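Only one structure is covered here, and it is reproduced in the block below.
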Amino acid sequence: MIASGFLRNDGRKGIRNVLIVTYLVECAHHVARRIVELSGDSQVHLVGFPGCYPNDYALRMMKALATHPNVGGVLLLSLGCEGFNREDLAKHVAASGRAVETVVIQQSGGTRSAIEHGVAAARRIKTQMDEAVVRTPFDFSDLVVGTICGGSDGTSGITANPAVGRAFDRLVTAGATCIFEETGEMIGCEGPMGDRAMSPEIATAIRASIAKAESYYLAMGFGSFAPGNAEGGLSSQEEKSAGAYVKSGHMPIAGVIKPAELPQSPGLYLLDIVPDGAPKFGFPNISDNAEIVELMACGAHLTLFTTGRGSVVGSAIAPVIKVTGNPDTFRRMSEDMDINAGRVLEGLADLDQVADEIVALIKTTAEGTETKSEELGHREFILTYKTFDQAGPSCLPRAAQPH
Amino acid sequence: MMSAVILLHADDNVVVCRRTVAVGERIAIEGSEDIIARNNVEIGHKLARFALPRFSKVIKYGAPIGSMTETAEPGDWVHLHNMKSDYMSAHTRAVTGDDQ
């Protein structure tokens with residue numbers, strides 16, 4: 001046992017017990033934010049979807065997030081006329097055994113009364129959540145960890161990312177589920193990555209996902225390569241890819257999943273974040289938090305975020321642990337960094353020591369200790385439009401059969 | 001004393017700076033001849049380990065990470081001004097005009 005978890009009706013266990021206040025269109029954002037602010041509770045988080053037009057992906061994502069093991073209750077904020085299927089979402093949440101209420105602003109009589117109704121509803125949901133708490137031993141086999149990199153530089157790929165890779169090796173060996181992603185940042189790595197697949201079908205799925213990413217990004221006109229990457233010493237997409245890929249460690253790859261799909265057995269998974277079909281709604285993920293949100297929708301209890309240039313973000317719902325590979329960044333932004341992998345460059349630690357430190361911090365975070373971004377109040381969240389072919393059992397195998 | 005650079009793979013023709021390196025600095029590379037830095041180069045950036053002809057592959061982590069667009073001498077900074085991706089263009093903040 002590594003911590004005491006929150007048991008949910010589906011058998012999954014959370015490491016936090018969060019009430020999410022969810023706006024279902026930008027028009028309901030202000031009312032939702034005021035309800036969160038007035039709660040004065042660090043475990044009441046704001047999430048939402050800005051668009052008025054319906055989107056199957058966004059609905060699937062919201063269903064997955066509202067029934068995430070870290071979430072204990074849900075308050076939905078609707079303007080009233082938007083396309084989001086609030087009834088379907090509320091029904092899904094209620095069926096999971098969670099407390100859920102919906103406030104429709106047009107029916108509540110406007111901003112002030114909707115806020116009043118929402119504050120009262122949040123209080124009721126909180127009470128039900130407290131009454132429903134069941135604490136249970138939480139083991140590595142219950143744990144789902146995601147990893148992303150943001151603000152990468154020339155140090156990320158030789159310190160923070162390989163250290164996370166070694167932490168992933170330890171976690172998978174201990175029975176946990178680990179997810180790495182951003183296939184657009186794996187362009188050029190498809191050969192060695194396919195060789196690590198558990199089956200030929202998975203190898204084919206891995207290579208297809210990278211080919212899709214390359215053609216999608218080419219259509220967008222840019223790779224996943226930001227100006228700061230170049231300022232930090234990275235010169236090409238494939239150089240960034242080689243450095244990003246090492247976050248996945250050395251374990252065999254058990255499957256390729258898409259956003260809002262839950263891995264069916266422990267192991268290491270690649271999350272294919274690039275939309276299917278012709279490019280439609282713009283860049284696959286417009287910023288780092290869009291990737292964190294997709295990892296959470298695949299069940300990630302927390303995210304290991306590696307950075308060279310220095311990121312400050314956290315996330316609603318699931319804690320973010322920030323690992324910097326650049327010792328100068330650690331000194332400059334130490335209040336935001338949980339782990340200094342830059343010590344490897346200075347000869348003060350080796351990758352195995354940093355990996356051990358990461359695993360130890362995952363345990364204390366699972367026990368409830370706040371990460372730097374949680375302490376600082378970071379609760380970022382972003383969800384936008386995408387299109388995915390829905391994967392069903394008939395579309396598999398993209399994953400190894402459970403033994 | 002610890003070397004100012006890391007050679008990540010024996011096949012690499014670039015090395016990565018562990019710290020900011022000054023022009024004229026003599027840099028020891030494990031299992032390889034010393035180079036003299038020909039530019040001031042920041043942490044995480046790359047220096048040429050050998051002379052790199054135009055169009056040759058840049059090798060880091062033992063794998064190609066792009067191609068030289070200019071010739072580099074040993075100790076030259078290797079970056080967007082003298083190499084480019086073999087996959088897709090990088091975007092930068094500065095307007096540099098048509099780099100095709």
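Order determines the names: the first chain of the structure tokens is A, the second B, and so forth; residues in each chain are numbered 1 upward, and ligands are numbered 1 upward as they are shown.
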
Per-residue nearest contacts of chain B to chain A (10 Å; only C-alpha atoms) as a Markdown table:
```
| residue | atom | partner | partner_atom | distance |
| --- | --- | --- | --- | --- |
| B:Met2 | CA | A:Gly347 | CA | 7.6 |
| B:Ser3 | CA | A:Glu346 | CA | 9.9 |
| B:Ala4 | CA | A:Leu345 | CA | 9.4 |
| B:Val5 | CA | A:Leu345 | CA | 9.1 |
| B:Ile6 | CA | A:Leu345 | CA | 8.7 |
| B:Leu8 | CA | A:Ile158 | CA | 8.1 |
| B:Val16 | CA | A:Gly154 | CA | 7.6 |
| B:Cys17 | CA | A:Gly154 | CA | 8.6 |
| B:Arg18 | CA | A:Leu345 | CA | 5.6 |
| B:Arg19 | CA | A:Leu345 | CA | 8.1 |
| B:Val41 | CA | A:Gly233 | CA | 9.1 |
| B:Glu42 | CA | A:Gly233 | CA | 7.7 |
| B:Ile43 | CA | A:Gly154 | CA | 7.4 |
| B:Gly44 | CA | A:Gly154 | CA | 3.8 |
| B:His45 | CA | A:Gly233 | CA | 4.0 |
| B:Lys46 | CA | A:Gly233 | CA | 6.8 |
| B:Val58 | CA | A:Glu239 | CA | 9.7 |
| B:Ile59 | CA | A:Glu239 | CA | 9.4 |
| B:Lys60 | CA | A:Glu239 | CA | 7.7 |
| B:Tyr61 | CA | A:Ala242 | CA | 7.5 |
| B:Gly62 | CA | A:Ala242 | CA | 10.0 |
| B:Ala63 | CA | A:Ala242 | CA | 8.2 |
| B:Pro64 | CA | A:Glu238 | CA | 8.0 |
| B:Ile65 | CA | A:Glu239 | CA | 4.8 |
| B:Gly66 | CA | A:Ser236 | CA | 6.6 |
| B:Ser67 | CA | A:Ser236 | CA | 9.6 |
| B:Trp77 | CA | A:Gly233 | CA | 9.8 |
| B:Val78 | CA | A:Ser235 | CA | 8.2 |
| B:His79 | CA | A:Ser235 | CA | 5.3 |
| B:Leu80 | CA | A:Ser235 | CA | 5.5 |
| B:His81 | CA | A:Ser235 | CA | 9.1 |
| B:Asn82 | CA | A:Ser235 | CA | 9.6 |
| B:Met83 | CA | A:Ser235 | CA | 7.4 |
| B:Lys84 | CA | A:Ser236 | CA | 6.3 |
| B:Ser85 | CA | A:Ser236 | CA | 4.8 |
| B:Asp86 | CA | A:Glu238 | CA | 8.0 |
| B:Tyr87 | CA | A:Gln237 | CA | 7.2 |
| B:Met88 | CA | A:Gly223 | CA | 6.4 |
| B:Ser89 | CA | A:Phe222 | CA | 6.4 |
| B:Ala90 | CA | A:Phe225 | CA | 6.1 |
| B:His91 | CA | A:Pro227 | CA | 6.2 |
| B:Thr92 | CA | A:Pro227 | CA | 4.5 |
| B:Arg93 | CA | A:Pro227 | CA | 5.8 |
| B:Ala94 | CA | A:Pro227 | CA | 8.8 |
```

| said: Which of segment 119-361 of chain A end up as strand (DSSP E) when DSSP is run on this backbone - answer as number ranges by chain? | reply: A: 135-138, 144-149, 177-180, 253-257, 267-271, 302-307, 320-324, 339-340

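Excluding Pro284 of chain A itself and any same-chain residue fewer than 6 positions from it, the protein and nucleic acid residues within 7 Å of it, counting only C-alpha atoms, are Ile273, Val274 and Pro275 of chain A.
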
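Among A:Tyr53, A:Tyr23, A:Phe381, A:Phe140, the residue with the shortest atom-to-atom distance to Val359 of chain A, counting only C-alpha atoms, is A:Phe140.
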
Exercise for the section: Name all residues at most 10 Å from Pro53 of chain B (count only C-alpha atoms; drop same-chain ones fewer than 2 positions away) and give them as an MDAnalysis selection string. Expected result: chainID B and resid 50:51 55:58 67:73

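Relative to atom CA of Glu375 of chain A, atom CA of Ala355 of chain A is found at 22.7 Å.
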
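Straight-line separation from atom CA of Met193 of chain A to atom CA of Ser265 of chain A: 19.9 Å.
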